[in-house]
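Report on the structure given below.
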Protein chains: 2
Amino acid sequence: MSMLDCPASGKGCSSGDVPSQTGGAAREKKTIVMKFGGTSVGDLDRIRHVAQRVKKERERGHRVAVVVSAMAGVTNTMVGYCQDLDPQAPATEYDAVVASGEQVTSGLLAIALNALGIPARSFQGWQVPLRTDGAHGCACIESVEGDAVLRTLDQGLVPVMAGFQGIGPDGRISTLGRGGSDTSAVALAAAIQADQCDIYTDVDGVYTTDPRIVRQARKLATITYEEMLELASGGAKVLQTRSVGLAMREKVRVRVLSSFEEEAGDEGSGTTGTIVVDEDENVEKKLVAGIAYSRDEAKITLRRLPDEPGIAYAIFSALAEQGLNVDMIVQSIGLDGTTNLTFTVAKADAAAACAMLEELHPHLRYDGIEASHNVAKISVVGVGMRANTGVAATMFRTLADKGINIQVISTSEIKISVLIDAAYTELAMRALHTAYGLDGDQEVGVQG
Amino acid sequence: MSMLDCPASGKGCSSGDVPSQTGGAAREKKTIVMKFGGTSVGDLDRIRHVAQRVKKERERGHRVAVVVSAMAGVTNTMVGYCQDLDPQAPATEYDAVVASGEQVTSGLLAIALNALGIPARSFQGWQVPLRTDGAHGCACIESVEGDAVLRTLDQGLVPVMAGFQGIGPDGRISTLGRGGSDTSAVALAAAIQADQCDIYTDVDGVYTTDPRIVRQARKLATITYEEMLELASGGAKVLQTRSVGLAMREKVRVRVLSSFEEEAGDEGSGTTGTIVVDEDENVEKKLVAGIAYSRDEAKITLRRLPDEPGIAYAIFSALAEQGLNVDMIVQSIGLDGTTNLTFTVAKADAAAACAMLEELHPHLRYDGIEASHNVAKISVVGVGMRANTGVAATMFRTLADKGINIQVISTSEIKISVLIDAAYTELAMRALHTAYGLDGDQEVGVQG
């Protein structure tokens, strides 16, 4: 069995089990997966509203399958129960308890749809079945058997699948980790060769940056998978990183849109929100697609380490063994045979990382260790920067003009991230948004 | 597949699929099913308490499997959600929603047991599997496959099965109807050949009558299956009628006891509560085992019906077609070619029954119809009355002595029921309790 989700697990990933998507545009009727998050199904009135939304999509002639999260707050209540009984509750039982939230929503939405005259039936993960690797609490999807769901669609019913859950090789319920319902929806869309996977959420699309910080932020009509991936891992919280990776590999057309806003036109879905597409489909060929920020990281600096081979290896292998994820790293070489090493970890991991480095002091022989929580990571993302060398220079000049000091820099093929003093977050983001021509009332910088 | 539960469905019932219970007493270790109702698992503290209770039973050397209900109130909340969305919610979806309650409790109890160092794992109905006939909302159990649960016991774990739910031939979750967890527990006990099925509830056993009404009510050490059945159908609410019928057919030794009271002795289970046994095992050979009452029935009288053949058939077949269950019937023959017919139905059905009879008036040509909700049914139950003719006479004399008029009488082999004015309920029960020698401080009337 090939691994559908989480190829990073080392089990490899081929799309052998998953039929590739073909000919969607040629069909008369589209097949659409609609996914609704916890706030979209937060109470009975909202569930009724979602049912209306599904009804409207059916009336446009489309075949619709739905994926739902638990009602807002329910998962937290269930997690609270488990932790109250035992902070180290067995993950198998945690899964049985927590997965009940999606079970309830799937049944309730099926009831609401039937009440509107739309025949519907719920599917639990084990009924589809959506098979996982059985890593309870944070399982990866191995495969989704689309047959039962497709049969249900063929009978004219709306299948309503409980998100976030599947069945492991042990025959037990396993959950995909927080936010896993996005990944469930993309996996189902791949399995039934859906033309589109619409992720309904509480924002109306993907923005060039956080509109709460930059007033001129613009909603993007399209974004590429890779840009979406980098924005998500850079701190943008619209879509789960895992679901974007899966959509990219399985070529699932994902759209992000608001469940609280009506569609503008009647001519069919796909006219609002943001569509995540392949690079060659991307109509908005901008240098920079968006700017993300994260205040979730802490900076740790080791001063005056001996500048010897093997020191960096000793540090980062020890951190990895403890499961402490390192993001950005910078090393400055000194003149006196010592060096300063700076890196970032999740704020929640900072204390553990420092404690471990203190233990290693006899071996590492550094002068001092400093940790700062008062930093922000700003990331500029765009596939356009592959072919354009000026992007980094623009970033550094813009920040310098505002007197903002760059503490750490890290780059990938389509992303440049810098670590700065957290107090300058908003200032930096607004300046960069303007510098890259992203402001709503400005000319958009079109690429070659 | 033979039908395990609900033989009244006409599908017949053989015990072919269910191994009969043998050799329990000869084993070193007992296998015990412990069932806990909704109030017993009403919050996390009570779930912890139940875990302690299970631990104690294990420390006595027994192998223990557990069956749980939903936390008190949860099922009502879920039913309320379904009805709010659609009073005619599809039973398939109702089942998916409502069964989540037992799923949560099974996982939480497994967590609480593990926290006490007792390895445990939850089983959903579909995981056992407990197979039903798929009549959603009120399914009957067709079979319980004991293998997975037995394997779990053999591994030294405590299986914790979610009660009230199973999987139907359609592969979907089906529930057994309210109170169905008792039946789940008895069916599991039969499937794994348990030596005993302990039903933990909020009373400490089966009493000769309702102690809230008759102060001298005594707890019975034993009661026969048939007596328990008649008491349950006569209005006593300790055990579900269905579970008693199943226990009788499968010869499951059922014990009723309180989850809020500690066991007296340490020498093993079976020393407290009431044990439901075969007639030949019954040590307390009393004439009358107990007295039940019900205020849930209404009396309907048709005055001056034509005394013709076919009239009773016309009435009761019409009621049956509407699904209106008739309990007691009495007909008094008049001298003028007319007759008065009296019968009882559930209070909730009285209006529908009267409306139907009004419609039939052109055909039935009765003079008048009267309905009274102001009646109570008092039932005296005991296997001893099979061999003893004085039981009915004692009942009628006792009620006459107190000036209580008997409106309707109905009898079965081991039960006599009378319908009286509801105002006399307590008086009648106390007088009968004394007359049959059931009072706690009296000599017990021992039979032949």
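Identifiers for the structure tokens are assigned positionally: chains receive A, B, ... in sequence, residues are indexed from 1 per chain, and ligands are indexed from 1 in the order shown.
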
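Within the 10 Å cut-off around B:Ala115, using only C-alpha atoms and omitting residues fewer than 4 positions from it on the same chain, the listed residues are Leu85, Asp86, Pro87, Gln88, Ala89 and Pro90 of chain A; Arg48, Ala51, Leu109, Ala110, Ile111, Pro119 and Ala120 of chain B.
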
Surrounding residues of A:Gln52 excluding itself and chain neighbours under 5 positions, 12 Å, only C-alpha atoms, as a short mmCIF file (atom, residue, chain, number, x, y, z; two decimals) with N, CA and C atoms, in the first residue's frame:
```
data_model
loop_
_atom_site.label_atom_id
_atom_site.label_comp_id
_atom_site.auth_asym_id
_atom_site.auth_seq_id
_atom_site.Cartn_x
_atom_site.Cartn_y
_atom_site.Cartn_z
N ASP A 45 -28.06 26.11 13.68
CA ASP A 45 -28.40 27.09 12.63
C ASP A 45 -27.35 27.13 11.54
N ARG A 46 -26.10 27.05 11.95
CA ARG A 46 -25.03 27.06 10.95
C ARG A 46 -25.04 25.77 10.13
N ILE A 47 -25.39 24.67 10.76
CA ILE A 47 -25.49 23.40 10.02
C ILE A 47 -26.61 23.50 8.99
N GLU A 57 -25.44 24.32 -4.49
CA GLU A 57 -24.44 23.74 -5.39
C GLU A 57 -25.05 22.60 -6.21
N ARG A 58 -25.94 21.83 -5.59
CA ARG A 58 -26.62 20.75 -6.31
C ARG A 58 -27.54 21.32 -7.39
N GLU A 59 -28.19 22.44 -7.03
CA GLU A 59 -29.12 23.03 -7.99
C GLU A 59 -28.41 23.57 -9.22
N LEU A 109 -25.56 16.92 9.69
CA LEU A 109 -25.67 17.57 8.39
C LEU A 109 -26.49 16.71 7.43
N ALA A 110 -26.33 15.39 7.52
CA ALA A 110 -27.16 14.50 6.68
C ALA A 110 -28.64 14.69 7.00
N ALA A 112 -30.01 17.47 8.25
CA ALA A 112 -30.39 18.79 7.76
C ALA A 112 -30.60 18.78 6.24
N LEU A 113 -29.77 18.03 5.53
CA LEU A 113 -29.92 17.95 4.07
C LEU A 113 -31.21 17.21 3.71
N ASN A 114 -31.46 16.07 4.38
CA ASN A 114 -32.70 15.34 4.11
C ASN A 114 -33.92 16.22 4.39
N ALA A 115 -33.83 17.04 5.44
CA ALA A 115 -34.95 17.92 5.78
C ALA A 115 -35.22 18.93 4.67
N LEU A 116 -34.18 19.25 3.88
CA LEU A 116 -34.34 20.18 2.74
C LEU A 116 -34.74 19.44 1.47
N GLY A 117 -34.95 18.13 1.58
CA GLY A 117 -35.30 17.36 0.40
C GLY A 117 -34.09 16.90 -0.41
N ILE A 118 -32.88 17.06 0.16
CA ILE A 118 -31.66 16.58 -0.51
C ILE A 118 -31.27 15.26 0.15
N SER A 259 -17.65 30.42 4.28
CA SER A 259 -18.98 29.82 4.40
C SER A 259 -19.99 30.85 4.87
N PHE A 260 -19.52 32.05 5.22
CA PHE A 260 -20.43 33.06 5.75
C PHE A 260 -20.81 34.09 4.70
N GLU A 262 -22.18 34.76 0.64
CA GLU A 262 -22.82 34.11 -0.49
C GLU A 262 -21.97 34.27 -1.74
#
```

Among the residues B:Thr344, B:Asp349, B:Arg303, B:Arg430, the one that comes closest to B:Leu324 [using only C-alpha atoms]: B:Asp349

I'd like the neighbourhood of stretch 432-441 of chain A as JSON, numbers by chain, where a residue qualifies if any of its atoms comes within 8 Å (using only C-alpha atoms), though same-chain residues fewer than 5 positions away should be ignored. {"A": [208, 209, 214, 216, 217, 218, 287, 288, 290, 291, 394, 395, 398, 399]}

B:Lys251 proximity check over B:Ala194, B:Val418, B:Ala352, B:Asp307, using only C-alpha atoms: winner is B:Ala194

Would you list the contacts of stretch 101-105 of chain A as a compact mmCIF listing (two decimals) with N, CA, C and O atoms, in the first residue's frame, taking every protein, DNA or RNA residue within 9 Å and counting only C-alpha atoms, but skipping same-chain residues closer than 3 positions in sequence?
```
# COMPACT_ATOMS: atom_id res chain seq x y z
N VAL A 41 -19.85 24.88 11.11
CA VAL A 41 -20.89 23.97 11.61
C VAL A 41 -21.02 24.10 13.12
O VAL A 41 -21.36 23.15 13.83
N ILE A 47 -25.39 24.67 10.76
CA ILE A 47 -25.49 23.40 10.02
C ILE A 47 -26.61 23.50 8.99
O ILE A 47 -26.46 23.06 7.84
N VAL A 68 -16.89 17.21 6.86
CA VAL A 68 -17.14 18.13 7.97
C VAL A 68 -16.18 17.92 9.13
O VAL A 68 -15.72 16.82 9.39
N SER A 69 -15.92 19.03 9.83
CA SER A 69 -15.19 19.00 11.10
C SER A 69 -16.20 18.84 12.23
O SER A 69 -17.41 18.83 12.01
N ALA A 70 -15.69 18.74 13.46
CA ALA A 70 -16.55 18.74 14.64
C ALA A 70 -17.09 20.15 14.86
O ALA A 70 -16.48 21.14 14.44
N MET A 71 -18.25 20.25 15.53
CA MET A 71 -18.79 21.56 15.87
C MET A 71 -17.76 22.30 16.74
O MET A 71 -17.14 21.70 17.62
N VAL A 74 -16.22 21.38 20.38
CA VAL A 74 -16.45 20.00 20.80
C VAL A 74 -15.13 19.25 20.93
O VAL A 74 -14.90 18.54 21.92
N THR A 75 -14.24 19.41 19.95
CA THR A 75 -12.97 18.70 20.01
C THR A 75 -12.19 19.11 21.26
O THR A 75 -11.64 18.27 21.97
N MET A 78 -13.60 17.35 24.28
CA MET A 78 -13.23 15.94 24.31
C MET A 78 -11.76 15.77 24.71
O MET A 78 -11.41 14.90 25.51
N VAL A 97 -12.46 8.73 21.45
CA VAL A 97 -13.25 9.78 22.10
C VAL A 97 -13.36 11.01 21.18
O VAL A 97 -14.46 11.51 20.90
N VAL A 98 -12.22 11.48 20.69
CA VAL A 98 -12.19 12.74 19.97
C VAL A 98 -12.89 12.65 18.61
O VAL A 98 -13.56 13.59 18.18
N LEU A 108 -25.63 14.95 11.71
CA LEU A 108 -26.53 16.10 11.80
C LEU A 108 -26.67 16.79 10.43
O LEU A 108 -27.77 17.19 10.04
N LEU A 109 -25.56 16.92 9.69
CA LEU A 109 -25.67 17.57 8.39
C LEU A 109 -26.49 16.71 7.43
O LEU A 109 -27.29 17.23 6.64
N ALA A 110 -26.33 15.39 7.52
CA ALA A 110 -27.16 14.50 6.68
C ALA A 110 -28.64 14.69 7.00
O ALA A 110 -29.48 14.73 6.10
N SER A 122 -24.40 9.89 5.90
CA SER A 122 -23.11 10.13 6.53
C SER A 122 -22.19 8.94 6.30
O SER A 122 -22.63 7.80 6.13
N PHE A 123 -20.89 9.22 6.28
CA PHE A 123 -19.85 8.19 6.25
C PHE A 123 -18.86 8.47 7.36
O PHE A 123 -18.29 9.56 7.42
N GLN A 124 -18.65 7.49 8.22
CA GLN A 124 -17.53 7.59 9.15
C GLN A 124 -16.27 7.14 8.41
O GLN A 124 -16.35 6.46 7.38
N GLY A 125 -15.11 7.51 8.95
CA GLY A 125 -13.84 7.14 8.31
C GLY A 125 -13.77 5.65 8.00
O GLY A 125 -13.38 5.24 6.91
N MET A 161 -18.93 12.96 4.69
CA MET A 161 -17.87 12.21 5.38
C MET A 161 -17.38 12.97 6.61
O MET A 161 -17.17 14.18 6.56
N ALA A 162 -17.25 12.24 7.71
CA ALA A 162 -16.64 12.81 8.91
C ALA A 162 -15.15 13.03 8.63
O ALA A 162 -14.45 12.09 8.28
N GLY A 163 -14.69 14.27 8.77
CA GLY A 163 -13.28 14.55 8.55
C GLY A 163 -12.43 14.09 9.72
O GLY A 163 -12.94 13.58 10.71
N PHE A 164 -11.09 14.23 9.56
CA PHE A 164 -10.18 14.11 10.70
C PHE A 164 -9.97 12.68 11.17
O PHE A 164 -9.13 12.42 12.01
N GLN A 165 -10.73 11.72 10.63
CA GLN A 165 -10.66 10.36 11.16
C GLN A 165 -10.57 9.32 10.06
O GLN A 165 -11.05 9.51 8.95
N MET B 78 -28.27 14.69 22.24
CA MET B 78 -28.13 14.26 20.84
C MET B 78 -29.50 14.08 20.19
O MET B 78 -29.72 14.48 19.05
N ALA B 96 -26.29 7.35 13.91
CA ALA B 96 -24.88 7.76 13.85
C ALA B 96 -24.61 8.84 14.89
O ALA B 96 -23.57 8.85 15.55
N VAL B 97 -25.57 9.75 15.05
CA VAL B 97 -25.40 10.86 16.00
C VAL B 97 -25.49 10.34 17.44
O VAL B 97 -24.59 10.59 18.26
N VAL B 98 -26.55 9.61 17.73
CA VAL B 98 -26.83 9.23 19.12
C VAL B 98 -25.82 8.22 19.65
O VAL B 98 -25.43 8.28 20.82
N ALA B 99 -25.34 7.31 18.80
CA ALA B 99 -24.38 6.29 19.25
C ALA B 99 -23.06 6.89 19.68
O ALA B 99 -22.25 6.23 20.34
N SER B 100 -22.81 8.16 19.33
CA SER B 100 -21.54 8.79 19.71
C SER B 100 -21.39 8.86 21.23
O SER B 100 -20.28 8.85 21.74
```

Counting only C-alpha atoms, what is within 7 Å of stretch 228-240 of chain A, bar same-chain residues fewer than 2 positions away, as a list in words? Gly179, Asp182, Val206, Ile223, Thr224, Tyr225, Glu226, Arg242, Ser243, Val244, Gly245, Ala292, Tyr293, Ser294, Ser379, Val381 and Lys415 of chain A

So, counting only C-alpha atoms, which residue among A:Ile420, A:Ala135, A:Val160, A:Ala346 is closest to chain B? A:Val160

Going by DSSP on the backbone, which residues of stretch 238-313 of chain A come out as strand (DSSP E or B)? List them as a PyMOL selection string. chain A and resi 254-258+274-277+286+290-294+297-306

So, counting only C-alpha atoms, which residue among B:Ile167, B:Ala91, B:Leu335, B:Ile199 is closest to B:Cys138?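 The shortest atom-to-atom distance to B:Cys138 comes from B:Ala91.
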
Determine which residues of stretch 269-339 of chain A DSSP labels as helix (DSSP H, G or I) from the backbone of this structure, then write them out as a PyMOL selection string. chain A and resi 279-281+311-321

Within 12 Å of B:Ala320 using only C-alpha atoms, minus same-chain residues under 5 positions, as a PDB file with N, CA, C and O atoms, in the first residue's frame:
```pdb
ATOM      1  N   TYR B 313     -63.289  -8.125  17.199  1.00  0.00           N
ATOM      2  CA  TYR B 313     -62.248  -8.238  16.180  1.00  0.00           C
ATOM      3  C   TYR B 313     -62.075  -6.921  15.430  1.00  0.00           C
ATOM      4  O   TYR B 313     -60.955  -6.451  15.209  1.00  0.00           O
ATOM      5  N   ALA B 314     -63.224  -6.319  15.061  1.00  0.00           N
ATOM      6  CA  ALA B 314     -63.171  -5.052  14.311  1.00  0.00           C
ATOM      7  C   ALA B 314     -62.412  -3.989  15.110  1.00  0.00           C
ATOM      8  O   ALA B 314     -61.593  -3.239  14.568  1.00  0.00           O
ATOM      9  N   ILE B 315     -62.663  -3.949  16.416  1.00  0.00           N
ATOM     10  CA  ILE B 315     -62.030  -2.929  17.255  1.00  0.00           C
ATOM     11  C   ILE B 315     -60.528  -3.176  17.398  1.00  0.00           C
ATOM     12  O   ILE B 315     -59.703  -2.310  17.111  1.00  0.00           O
ATOM     13  N   ASN B 325     -50.907  -0.424  21.092  1.00  0.00           N
ATOM     14  CA  ASN B 325     -50.832  -1.637  21.898  1.00  0.00           C
ATOM     15  C   ASN B 325     -51.893  -1.665  22.974  1.00  0.00           C
ATOM     16  O   ASN B 325     -51.980  -0.751  23.781  1.00  0.00           O
ATOM     17  N   VAL B 326     -52.696  -2.720  22.997  1.00  0.00           N
ATOM     18  CA  VAL B 326     -53.709  -2.868  24.033  1.00  0.00           C
ATOM     19  C   VAL B 326     -53.175  -3.802  25.096  1.00  0.00           C
ATOM     20  O   VAL B 326     -52.546  -4.812  24.777  1.00  0.00           O
ATOM     21  N   ASP B 327     -53.378  -3.449  26.384  1.00  0.00           N
ATOM     22  CA  ASP B 327     -52.866  -4.313  27.455  1.00  0.00           C
ATOM     23  C   ASP B 327     -53.996  -5.158  28.051  1.00  0.00           C
ATOM     24  O   ASP B 327     -54.149  -6.320  27.735  1.00  0.00           O
ATOM     25  N   VAL B 345     -54.755   1.244  27.114  1.00  0.00           N
ATOM     26  CA  VAL B 345     -53.644   1.512  26.184  1.00  0.00           C
ATOM     27  C   VAL B 345     -52.684   2.466  26.904  1.00  0.00           C
ATOM     28  O   VAL B 345     -53.022   3.028  27.949  1.00  0.00           O
ATOM     29  N   ASP B 349     -51.106   6.967  23.869  1.00  0.00           N
ATOM     30  CA  ASP B 349     -51.853   6.499  22.698  1.00  0.00           C
ATOM     31  C   ASP B 349     -53.362   6.720  22.835  1.00  0.00           C
ATOM     32  O   ASP B 349     -54.110   6.438  21.893  1.00  0.00           O
ATOM     33  N   ALA B 352     -55.235   8.973  20.218  1.00  0.00           N
ATOM     34  CA  ALA B 352     -55.280   8.353  18.890  1.00  0.00           C
ATOM     35  C   ALA B 352     -56.298   7.211  18.869  1.00  0.00           C
ATOM     36  O   ALA B 352     -57.048   7.052  17.890  1.00  0.00           O
ATOM     37  N   ALA B 353     -56.336   6.429  19.957  1.00  0.00           N
ATOM     38  CA  ALA B 353     -57.270   5.299  20.010  1.00  0.00           C
ATOM     39  C   ALA B 353     -58.710   5.802  19.980  1.00  0.00           C
ATOM     40  O   ALA B 353     -59.562   5.274  19.249  1.00  0.00           O
ATOM     41  N   MET B 356     -59.738   7.063  16.570  1.00  0.00           N
ATOM     42  CA  MET B 356     -59.992   5.965  15.639  1.00  0.00           C
ATOM     43  C   MET B 356     -61.341   5.320  15.899  1.00  0.00           C
ATOM     44  O   MET B 356     -62.063   4.965  14.963  1.00  0.00           O
TER      45      MET B 356
END
```
